[in-house]
file my_file-v4.cif (mmCIF, C-alpha atoms)
data_work
#
loop_
_atom_site.label_atom_id
_atom_site.label_comp_id
_atom_site.auth_asym_id
_atom_site.auth_seq_id
_atom_site.Cartn_x
_atom_site.Cartn_y
_atom_site.Cartn_z
CA MET A 1 0.00 0.00 0.00
CA ASN A 2 1.42 3.40 -0.88
CA PHE A 3 0.60 6.39 1.24
CA ASP A 4 -2.21 7.56 -1.02
CA GLU A 5 -3.94 4.19 -0.56
CA ILE A 6 -3.43 4.47 3.19
CA GLN A 7 -5.03 7.91 3.05
CA GLN A 8 -7.99 6.45 1.13
CA VAL A 9 -8.51 3.70 3.70
CA TRP A 10 -8.42 6.35 6.42
CA GLY A 11 -10.75 8.66 4.53
CA ARG A 12 -13.38 5.96 4.06
CA GLN A 13 -13.52 5.61 7.81
CA ASP A 14 -16.82 7.06 8.94
CA ALA A 15 -16.17 10.54 10.40
CA GLY A 16 -18.07 9.55 13.51
CA GLY A 17 -21.47 8.69 12.18
CA SER A 18 -21.08 5.03 13.00
CA ILE A 19 -20.23 5.83 16.58
CA THR A 20 -23.30 6.38 18.65
CA LEU A 21 -22.99 8.05 22.00
CA ASN A 22 -25.58 8.61 24.63
CA THR A 23 -24.30 12.04 25.62
CA ASN A 24 -26.56 12.36 28.68
CA LEU A 25 -25.40 9.06 30.02
CA LEU A 26 -21.79 9.97 29.28
CA LEU A 27 -22.20 13.27 31.04
CA LYS A 28 -23.56 11.47 34.10
CA GLU A 29 -20.65 9.02 33.98
CA VAL A 30 -18.03 11.76 33.61
CA ARG A 31 -19.40 13.73 36.53
CA ARG A 32 -19.56 10.59 38.62
CA ASN A 33 -15.93 9.85 37.69
CA GLN A 34 -14.92 13.35 38.69
CA ARG A 35 -16.67 13.05 42.06
CA GLN A 36 -15.14 9.63 42.61
CA PHE A 37 -11.67 10.88 41.73
CA GLU A 38 -11.96 13.86 44.07
CA SER A 39 -13.32 11.62 46.78
CA THR A 40 -10.41 9.19 46.35
CA ILE A 41 -7.92 12.03 46.70
CA PHE A 42 -9.72 13.44 49.73
CA TRP A 43 -9.93 10.12 51.57
CA ARG A 44 -6.30 9.27 50.74
CA ASP A 45 -5.16 12.61 52.18
CA PHE A 46 -7.50 12.24 55.15
CA ARG A 47 -6.33 8.69 55.85
CA GLU A 48 -2.68 9.56 55.81
CA SER A 49 -2.77 12.73 57.83
CA GLY A 50 -5.88 11.66 59.75
CA VAL A 51 -4.13 8.65 61.23
CA ALA A 52 -1.32 10.90 62.42
CA MET A 53 -3.80 13.34 63.97
CA CYS A 54 -5.60 10.51 65.78
CA LEU A 55 -2.30 9.40 67.25
CA VAL A 56 -1.60 12.99 68.29
CA TYR A 57 -4.88 12.98 70.17
CA LEU A 58 -4.24 9.58 71.83
CA PHE A 59 -0.65 10.34 72.84
CA GLY A 60 -1.60 13.83 73.92
CA ARG A 61 -4.34 12.46 76.13
CA ALA A 62 -1.96 9.86 77.59
CA TRP A 63 0.56 12.64 78.27
CA VAL A 64 -1.99 14.64 80.22
CA GLN A 65 -3.53 11.71 82.04
CA GLN A 66 -0.36 9.83 82.92
CA GLU A 67 1.89 12.88 83.15
CA ASP A 68 4.50 11.05 81.12
CA TRP A 69 6.51 13.50 78.98
CA THR A 70 7.55 10.78 76.51
CA TYR A 71 3.95 10.63 75.31
CA GLY A 72 4.22 14.33 74.63
CA LEU A 73 7.26 13.68 72.43
CA LEU A 74 5.35 11.02 70.52
CA ALA A 75 2.38 13.35 70.07
CA LEU A 76 4.67 16.08 68.78
CA ALA A 77 6.37 13.70 66.35
CA CYS A 78 3.05 12.46 64.98
CA PHE A 79 1.85 16.03 64.61
CA GLY A 80 5.00 16.96 62.67
CA VAL A 81 4.72 14.00 60.30
CA GLY A 82 0.98 14.53 59.77
CA LEU A 83 1.51 18.20 59.04
CA PHE A 84 4.29 17.42 56.58
CA ILE A 85 2.04 14.97 54.70
CA LEU A 86 -0.86 17.42 54.59
CA VAL A 87 1.21 20.37 53.39
CA ASP A 88 2.93 18.21 50.79
CA ARG A 89 -0.39 16.92 49.43
CA LEU A 90 -1.86 20.41 49.19
CA ARG A 91 1.22 21.69 47.34
CA GLN A 92 1.21 18.76 44.92
CA ARG A 93 -2.48 19.15 44.21
CA ARG A 94 -1.88 22.66 42.91
CA ARG A 95 0.76 21.30 40.53
CA ARG A 96 -1.37 18.70 38.75
CA PRO A 97 -0.81 18.56 34.97
CA MET A 98 -3.50 20.27 32.93
CA MET A 99 -4.20 18.24 29.82
CA GLU A 100 -5.17 21.31 27.80
CA ASP A 101 -1.67 22.74 28.28
CA SER A 102 1.02 22.24 25.67
CA LEU A 103 2.39 18.71 25.54
CA ARG A 104 5.77 19.89 26.80
CA ARG A 105 4.29 21.55 29.88
CA CYS A 106 2.02 18.57 30.48
CA LEU A 107 4.97 16.18 30.36
CA LEU A 108 7.14 18.43 32.53
CA THR A 109 4.43 18.66 35.18
CA SER A 110 3.82 14.90 35.11
CA LEU A 111 7.58 14.30 35.36
CA GLU A 112 7.87 16.72 38.27
CA GLN A 113 5.10 14.83 40.08
CA VAL A 114 6.76 11.46 39.55
CA ARG A 115 10.16 12.79 40.65
CA HIS A 116 8.61 14.24 43.76
CA GLN A 117 7.08 10.86 44.58
CA ILE A 118 10.49 9.24 44.06
CA TRP A 119 12.11 11.79 46.37
CA LEU A 120 9.45 11.17 49.05
CA LEU A 121 9.83 7.40 48.99
CA ARG A 122 13.62 7.40 48.68
CA ASN A 123 13.77 9.64 51.77
CA VAL A 124 10.93 8.01 53.71
CA PHE A 125 13.36 7.17 56.50
CA TRP A 126 14.24 10.84 57.17
CA TRP A 127 10.81 12.47 57.07
CA TYR A 128 8.59 9.60 58.22
CA GLN A 129 10.37 6.81 60.05
CA LEU A 130 13.14 8.60 61.96
CA PRO A 131 10.93 11.36 63.46
CA LEU A 132 8.67 8.62 64.86
CA LEU A 133 11.45 6.20 65.85
CA ILE A 134 13.40 8.68 68.01
CA PRO A 135 10.59 9.47 70.48
CA TYR A 136 9.52 5.83 70.42
CA PHE A 137 12.97 4.60 71.45
CA ILE A 138 13.16 7.35 74.08
CA SER A 139 9.87 6.15 75.53
CA ILE A 140 11.07 2.52 75.51
CA LEU A 141 14.22 3.51 77.39
CA HIS A 142 12.22 5.66 79.79
CA GLU A 143 9.90 2.80 80.65
CA ALA A 144 12.50 0.05 80.38
CA VAL A 145 11.98 -2.87 82.73
CA SER A 146 15.15 -4.62 81.66
CA VAL A 147 17.91 -4.35 79.10
CA LYS A 148 16.59 -7.50 77.44
CA SER A 149 13.10 -6.06 76.92
CA VAL A 150 14.61 -2.90 75.44
CA LEU A 151 16.72 -4.92 73.03
CA ILE A 152 13.84 -7.16 71.98
CA GLN A 153 11.47 -4.25 71.40
CA GLY A 154 14.17 -2.31 69.61
CA PHE A 155 14.97 -5.22 67.36
CA VAL A 156 11.34 -5.85 66.43
CA ILE A 157 10.71 -2.21 65.65
CA ALA A 158 13.92 -1.87 63.66
CA LEU A 159 13.02 -4.97 61.64
CA ALA A 160 9.50 -3.73 60.93
CA ASN A 161 10.84 -0.36 59.81
CA TRP A 162 13.43 -2.00 57.61
CA GLY A 163 10.62 -3.89 55.90
CA ILE A 164 8.64 -0.67 55.41
CA TYR A 165 11.73 1.02 53.98
CA LEU A 166 12.35 -1.83 51.54
CA LEU A 167 8.72 -1.82 50.40
CA ASN A 168 8.97 1.85 49.56
CA GLN A 169 12.24 1.39 47.66
CA SER A 170 10.70 -1.46 45.72
CA ALA A 171 7.78 0.78 44.71
CA VAL A 172 10.31 3.32 43.45
CA SER A 173 12.33 0.91 41.34
CA LYS A 174 9.41 -1.16 39.99
CA SER A 175 6.86 1.52 39.34
CA LEU A 176 8.04 5.10 39.67
CA GLU A 177 11.44 4.99 38.00
CA PRO A 178 10.16 3.20 34.86
CA ARG A 179 7.45 5.82 34.67
CA GLU A 180 10.07 8.55 35.03
CA ARG A 181 12.09 7.08 32.19
CA GLU A 182 9.00 6.82 30.00
CA LEU A 183 8.15 10.47 30.53
CA GLU A 184 11.76 11.56 30.00
CA ALA A 185 11.86 9.64 26.73
CA LEU A 186 8.67 11.33 25.56
CA LEU A 187 10.04 14.72 26.52
CA SER A 188 13.34 14.18 24.75
CA SER A 189 11.52 12.94 21.64
CA LEU A 190 9.89 16.38 21.46
CA ASP A 191 13.31 17.96 21.10
CA GLU A 192 14.92 15.30 18.96
CA VAL A 193 14.65 16.28 15.31
CA PRO A 194 15.36 13.21 13.21
CA SER A 195 17.71 13.74 10.29
CA SER A 196 15.91 13.91 6.95
CA ASP A 197 16.04 10.76 4.90
CA HIS A 198 17.09 11.26 1.29
CA GLY A 199 15.56 9.24 -1.48
CA MET O 1 -18.70 29.23 33.88
CA LYS O 2 -22.08 28.01 35.01
CA LEU O 3 -22.67 24.29 35.24
CA ALA O 4 -25.40 24.38 32.59
CA GLU O 5 -23.02 26.13 30.17
CA GLN O 6 -20.28 23.62 30.93
CA GLU O 7 -22.66 20.74 30.30
CA GLN O 8 -23.91 22.25 27.07
CA LEU O 9 -20.42 22.88 25.69
CA PHE O 10 -19.23 19.44 26.77
CA CYS O 11 -22.13 17.75 24.97
CA GLN O 12 -21.55 19.90 21.88
CA TRP O 13 -17.89 18.95 21.78
CA LEU O 14 -18.71 15.31 22.32
CA THR O 15 -21.22 15.27 19.48
CA ALA O 16 -19.07 17.26 17.07
CA HIS O 17 -15.75 15.55 17.79
CA ARG O 18 -16.66 12.02 18.82
CA GLY O 19 -14.97 10.64 15.71
CA LEU O 20 -11.72 12.42 16.57
CA LEU O 21 -11.80 11.14 20.16
CA TRP O 22 -12.50 7.60 19.09
CA ARG O 23 -9.69 7.68 16.50
CA VAL O 24 -7.24 8.80 19.21
CA VAL O 25 -8.47 6.00 21.51
CA ARG O 26 -8.06 3.36 18.79
CA ALA O 27 -4.58 4.64 17.96
CA PHE O 28 -3.32 4.38 21.54
CA ALA O 29 -5.18 1.39 22.95
CA SER O 30 -5.65 -1.95 21.28
CA ASP O 31 -8.08 -3.98 23.38
CA ALA O 32 -11.58 -3.10 24.47
CA PRO O 33 -10.93 -2.67 28.23
CA ASP O 34 -7.97 -0.34 27.55
CA GLN O 35 -9.97 1.58 24.95
CA GLU O 36 -12.84 2.10 27.33
CA ASP O 37 -10.46 3.15 30.13
CA LEU O 38 -8.62 5.63 27.90
CA PHE O 39 -11.89 6.95 26.50
CA GLN O 40 -13.21 7.61 29.98
CA GLU O 41 -9.95 9.30 30.94
CA ILE O 42 -10.14 11.57 27.90
CA LEU O 43 -13.77 12.40 28.62
CA LEU O 44 -12.94 13.29 32.20
CA GLN O 45 -10.11 15.58 31.13
CA LEU O 46 -12.36 17.11 28.47
CA TRP O 47 -15.03 17.83 31.07
CA CYS O 48 -12.51 19.41 33.47
CA SER O 49 -11.03 21.54 30.69
CA VAL O 50 -14.31 23.10 29.50
CA PRO O 51 -14.30 25.98 32.02
CA THR O 52 -10.75 26.94 31.01
CA PHE O 53 -11.49 27.15 27.26
CA ARG O 54 -11.24 30.80 26.26
CA GLY O 55 -11.60 30.46 22.50
CA ASN O 56 -7.97 31.49 21.88
CA SER O 57 -7.50 28.41 19.76
CA LYS O 58 -9.81 26.43 17.53
CA GLU O 59 -11.96 23.88 19.32
CA SER O 60 -10.49 21.05 17.29
CA THR O 61 -6.91 22.12 18.18
CA TRP O 62 -7.88 22.27 21.87
CA ILE O 63 -9.47 18.85 21.74
CA TYR O 64 -6.63 17.27 19.76
CA ARG O 65 -4.14 18.64 22.28
CA LEU O 66 -6.14 17.44 25.25
CA ALA O 67 -6.79 13.99 23.77
CA PHE O 68 -3.14 13.46 22.77
CA ASN O 69 -1.78 14.71 26.10
CA THR O 70 -4.12 12.37 27.96
CA ALA O 71 -3.24 9.43 25.72
CA LEU O 72 0.49 10.15 25.93
CA VAL O 73 0.59 10.23 29.74
CA TRP O 74 -1.99 7.45 30.11
CA GLN O 75 -0.53 4.21 31.44
CA ARG O 76 -1.75 1.17 29.64
CA GLY O 77 -3.08 -1.54 31.91
CA GLU O 78 -2.88 0.49 35.06
CA LYS O 79 -5.37 -0.39 37.73
CA ARG O 80 -8.83 0.57 36.54
CA ARG O 81 -9.65 3.62 38.56
CA ARG O 82 -12.95 4.09 36.89
CA ARG O 83 -15.44 1.78 38.42
CA LYS O 84 -18.26 1.86 35.92
CA HIS O 85 -21.55 2.56 37.56
CA GLU O 86 -23.36 2.01 34.32
CA ALA O 87 -21.75 0.95 31.12
CA PHE O 88 -22.07 3.91 28.86
CA THR O 89 -23.24 3.38 25.36
CA LEU O 90 -20.41 3.38 22.92
CA HIS O 91 -20.83 1.44 19.73
CA ALA O 92 -18.37 1.29 16.93
CA VAL O 93 -20.98 -0.02 14.61
CA GLY O 94 -19.89 -2.48 12.00
CA ALA O 95 -21.82 -3.29 8.87
CA SER O 96 -25.53 -3.77 9.45
CA GLU O 97 -27.21 -6.89 8.13
CA GLU O 98 -28.88 -5.00 5.30
CA THR O 99 -25.79 -3.24 4.04
CA ALA O 100 -23.01 -5.71 4.80
CA SER O 101 -20.75 -6.28 1.91
CA SER O 102 -17.37 -7.93 1.53
CA GLY O 103 -15.94 -4.52 0.59
CA ARG O 104 -16.94 -2.95 3.86
CA SER O 105 -15.54 -5.72 6.03
CA GLU O 106 -12.38 -5.56 3.95
CA GLN O 107 -12.26 -1.86 4.72
CA GLU O 108 -12.56 -2.60 8.43
CA VAL O 109 -9.75 -5.13 8.26
CA ARG O 110 -7.50 -2.69 6.37
CA LEU O 111 -8.41 0.02 8.85
CA GLU O 112 -7.55 -2.17 11.81
CA CYS O 113 -4.19 -3.01 10.20
CA LEU O 114 -3.59 0.71 9.80
CA TYR O 115 -4.44 1.38 13.43
CA SER O 116 -2.21 -1.48 14.47
CA ALA O 117 0.66 0.04 12.47
CA ILE O 118 0.03 3.42 14.10
CA ARG O 119 0.09 1.84 17.56
CA GLU O 120 3.52 0.42 16.79
CA LEU O 121 4.94 3.87 16.14
CA PRO O 122 6.56 5.83 18.98
CA ARG O 123 3.79 7.65 20.80
CA LEU O 124 4.67 11.11 19.55
CA ASP O 125 4.84 9.84 15.98
CA ALA O 126 1.46 8.14 16.44
CA SER O 127 -0.02 11.56 17.33
CA LEU O 128 1.49 13.09 14.21
CA ALA O 129 0.33 10.19 12.05
CA LEU O 130 -3.26 10.72 13.20
CA MET O 131 -3.15 14.42 12.46
CA LEU O 132 -1.51 13.79 9.10
CA LEU O 133 -4.23 11.35 8.10
CA ASP O 134 -6.89 13.76 9.36
CA GLY O 135 -5.49 16.41 7.02
CA LEU O 136 -4.20 18.97 9.50
CA SER O 137 -1.64 21.50 8.28
CA TYR O 138 1.94 21.45 9.56
CA ARG O 139 1.22 24.64 11.45
CA GLN O 140 -1.79 23.09 13.18
CA MET O 141 0.17 19.97 14.07
CA GLY O 142 2.99 22.08 15.49
CA GLU O 143 0.47 24.06 17.52
CA VAL O 144 -1.10 20.94 19.00
CA LEU O 145 2.18 19.36 20.06
CA GLY O 146 4.22 22.49 20.71
CA ILE O 147 6.93 21.73 18.15
CA SER O 148 8.17 23.67 15.14
CA GLU O 149 6.77 23.17 11.64
CA ASN O 150 10.21 22.09 10.47
CA HIS O 151 10.29 19.41 13.16
CA VAL O 152 6.82 18.31 12.06
CA GLY O 153 7.89 18.08 8.43
CA VAL O 154 10.95 15.97 9.09
CA ARG O 155 9.05 13.60 11.36
CA LEU O 156 6.20 13.22 8.91
CA HIS O 157 8.56 12.19 6.15
CA ARG O 158 9.78 9.39 8.38
CA ILE O 159 6.27 8.45 9.51
CA ARG O 160 4.96 8.14 5.93
CA LYS O 161 7.85 5.86 5.12
CA GLN O 162 7.36 3.72 8.25
CA LEU O 163 3.64 3.30 7.74
CA THR O 164 4.07 2.41 4.08
CA GLU O 165 6.71 -0.20 4.92
CA ARG O 166 4.69 -1.72 7.75
CA LEU O 167 1.62 -2.01 5.57
CA LYS O 168 3.44 -3.13 2.42
CA GLY O 169 2.74 -6.79 2.95
CA GLN O 170 -0.91 -6.22 3.89
CA ALA O 171 -1.99 -5.02 0.45
CA ASP O 172 -1.23 -8.40 -1.13
CA GLU O 173 -3.62 -10.16 1.23
CA PHE O 174 -6.59 -8.22 -0.05
#
call {"tool": "encode", "arguments": {"input": "my_file-v4.cif", "output": "structure tokens"}}
result
Amino acid sequence: MNFDEIQQVWGRQDAGGSITLNTNLLLKEVRRNQRQFESTIFWRDFRESGVAMCLVYLFGRAWVQQEDWTYGLLALACFGVGLFILVDRLRQRRRRPMMEDSLRRCLLTSLEQVRHQIWLLRNVFWWYQLPLLIPYFISILHEAVSVKSVLIQGFVIALANWGIYLLNQSAVSKSLEPRERELEALLSSLDEVPSSDHG
Amino acid sequence: MKLAEQEQLFCQWLTAHRGLLWRVVRAFASDAPDQEDLFQEILLQLWCSVPTFRGNSKESTWIYRLAFNTALVWQRGEKRRRRKHEAFTLHAVGASEETASSGRSEQEVRLECLYSAIRELPRLDASLALMLLDGLSYRQMGEVLGISENHVGVRLHRIRKQLTERLKGQADEF
């Protein structure tokens, strides 16, 4: 088939007449999708920072009732982590790619989002695990019955956190980094001007 | 923009450009579940973009850009986020019983081969191939993708060649 024949095949394609759409039903579906999407985002944000805020309340109450300052440290740590998550989510929401933008801007915004996710998960130890581990270990030492119990608790917690850390790194290498490469390739293909073929 | 206006414009766009949207979906997704997922994604983005349309560009340019951007960043096979409450009615109607002819089904087969060849192109080239076949000017194509007309021209030369080569063997089968 030469290109003219290809063009003819394409041209004989019905311009849209053979495609029937129930626009009212589609409109309903689209609006439902939008509500569902916004609800998913809301509940994800609420879950992540909400859990932290619940812990703040529980530790705060324990601090007041039992007059144990280590609970205060834990409450403070949970508050800090929860606040970080909330602020980060709000900032990222404002930077969502707009599909009506130019392709370059759309790709750049999508790439920025993915890279931010990679940064968050690669550094999960520093902004999520460590701020919670420090007050937790302080409270273990404060309430320590014996050296053995401290070591056992410490070991279990360290192991659990190591697992959490590895899970996050796995998500980065299996899902986020391939996505980053895909977007980078698309972006560079915008700039790459292939050399003209002669003949 | 009032909701009623947004709904009206959305429905107008859908009716006027449904062929364009469906061609983009077929060019970027091969199986029915992926096509439906991508179509829903494009519709959602189209709906969200209506209030921001200022008329600075042609409607078709706006919609091409939105559809291609959505398709280009869409991840094939990702977890279906769109739980369908009701299956919406989307028929790509084949030949009816009264009008079926061997020529028409042959046309469909050739068309599907063409779409398959387009899907094998790099994604950016697939976008250009669609616009080329739809008869857009180089300037319009450059405007949609944000690349220069010269860049468009060089790529299109390569795309024509690639499509012709991929479909070379198909012609003999008909």
call {"tool": "atom_distance", "arguments": {"input": "my_file-v4.cif", "atom1": "atom CA of Arg26 of chain O", "atom2": "atom CA of Tyr115 of chain O"}}
result
6.8 Å
call {"tool": "closest_residue", "arguments": {"input": "my_file-v4.cif", "among": "A:Leu83, A:Glu184, A:Glu192, A:Leu21", "to": "His17 of chain O", "atoms": "all atoms listed in the file"}}
result
A:Leu21
call {"tool": "closest_residue", "arguments": {"input": "my_file-v4.cif", "among": "O:Glu149, O:Asp37, O:Glu7, O:Glu59", "to": "chain A", "atoms": "only C-alpha atoms"}}
result
O:Glu7
call {"tool": "resolve_selection", "arguments": {"input": "my_file-v4.cif", "expression": "the PyMOL selection byres ((chain A and resi 116-118) around 10)", "output": "VMD selection string"}}
result
chain A and resid 88 92 110 to 115 119 to 124 168 to 169 171 to 173 175 to 177 180
call {"tool": "atom_distance", "arguments": {"input": "my_file-v4.cif", "atom1": "atom CA of Leu66 of chain O", "atom2": "atom CA of Ser39 of chain A"}}
result
23.4 Å
call {"tool": "atom_distance", "arguments": {"input": "my_file-v4.cif", "atom1": "atom CA of Arg65 of chain O", "atom2": "atom CA of Gln34 of chain A"}}
result
20.3 Å
call {"tool": "closest_residue", "arguments": {"input": "my_file-v4.cif", "among": "A:Met99, A:Val87, A:Ala77, A:Leu130", "to": "chain O", "atoms": "all atoms listed in the file"}}
result
A:Met99
call {"tool": "residues_near_point", "arguments": {"input": "my_file-v4.cif", "point": "(-18.8, 26.7, 31.9)", "cutoff": "12 Å", "atoms": "only C-alpha atoms", "output": "PyMOL selection string"}}
result
chain O and resi 1-11+47-54
call {"tool": "residues_around", "arguments": {"input": "my_file-v4.cif", "residues": "Phe68 of chain O", "least_positions_apart": "3", "cutoff": "9 Å", "atoms": "only C-alpha atoms", "output": "CSV table (one decimal) with C-alpha atoms, in the coordinates of the input"}}
result
chain,number,residue,atom,x,y,z
A,99,MET,CA,-4.2,18.2,29.8
A,103,LEU,CA,2.4,18.7,25.5
O,24,VAL,CA,-7.2,8.8,19.2
O,42,ILE,CA,-10.1,11.6,27.9
O,63,ILE,CA,-9.5,18.8,21.7
O,64,TYR,CA,-6.6,17.3,19.8
O,65,ARG,CA,-4.1,18.6,22.3
O,71,ALA,CA,-3.2,9.4,25.7
O,72,LEU,CA,0.5,10.2,25.9
O,73,VAL,CA,0.6,10.2,29.7
O,124,LEU,CA,4.7,11.1,19.6
O,127,SER,CA,0.0,11.6,17.3
O,144,VAL,CA,-1.1,20.9,19.0
O,145,LEU,CA,2.2,19.4,20.1
call {"tool": "resolve_selection", "arguments": {"input": "my_file-v4.cif", "expression": "the PyMOL selection byres ((chain A and resi 55-60) around 12)", "output": "MDAnalysis selection string"}}
result
chainID A and resid 48:54 61:83 132 135:136 139
call {"tool": "residues_around", "arguments": {"input": "my_file-v4.cif", "residues": "Phe39 of chain O", "least_positions_apart": "4", "cutoff": "10 Å", "atoms": "only C-alpha atoms", "output": "MDAnalysis selection string"}}
result
chainID O and resid 21:22 24:26 29 33:35 43:45 67 70:71 90
call {"tool": "write_last_selection", "arguments": {"input": "my_file-v4.cif", "atoms": "C-alpha atoms", "output": "PDB file, in the coordinates of the input"}}
result
ATOM      1  CA  LEU O  21     -11.800  11.140  20.160  1.00  0.00           C
ATOM      2  CA  TRP O  22     -12.500   7.600  19.090  1.00  0.00           C
ATOM      3  CA  VAL O  24      -7.240   8.800  19.210  1.00  0.00           C
ATOM      4  CA  VAL O  25      -8.470   6.000  21.510  1.00  0.00           C
ATOM      5  CA  ARG O  26      -8.060   3.360  18.790  1.00  0.00           C
ATOM      6  CA  ALA O  29      -5.180   1.390  22.950  1.00  0.00           C
ATOM      7  CA  PRO O  33     -10.930  -2.670  28.230  1.00  0.00           C
ATOM      8  CA  ASP O  34      -7.970  -0.340  27.550  1.00  0.00           C
ATOM      9  CA  GLN O  35      -9.970   1.580  24.950  1.00  0.00           C
ATOM     10  CA  LEU O  43     -13.770  12.400  28.620  1.00  0.00           C
ATOM     11  CA  LEU O  44     -12.940  13.290  32.200  1.00  0.00           C
ATOM     12  CA  GLN O  45     -10.110  15.580  31.130  1.00  0.00           C
ATOM     13  CA  ALA O  67      -6.790  13.990  23.770  1.00  0.00           C
ATOM     14  CA  THR O  70      -4.120  12.370  27.960  1.00  0.00           C
ATOM     15  CA  ALA O  71      -3.240   9.430  25.720  1.00  0.00           C
ATOM     16  CA  LEU O  90     -20.410   3.380  22.920  1.00  0.00           C
TER      17      LEU O  90
END
call {"tool": "closest_residue", "arguments": {"input": "my_file-v4.cif", "among": "A:Ile134, A:Leu26, A:Ile157, A:Ile6", "to": "Leu130 of chain O", "atoms": "only C-alpha atoms"}}
result
A:Ile6
call {"tool": "resolve_selection", "arguments": {"input": "my_file-v4.cif", "expression": "the PyMOL selection byres ((chain O and resi 116) around 10)", "output": "PyMOL selection string"}}
result
chain O and resi 26-30+110-115+117-121+166-167
call {"tool": "closest_residue", "arguments": {"input": "my_file-v4.cif", "among": "O:Trp13, O:Ser105, O:Asn69, O:Asp31", "to": "chain A", "atoms": "all atoms listed in the file"}}
result
O:Asn69
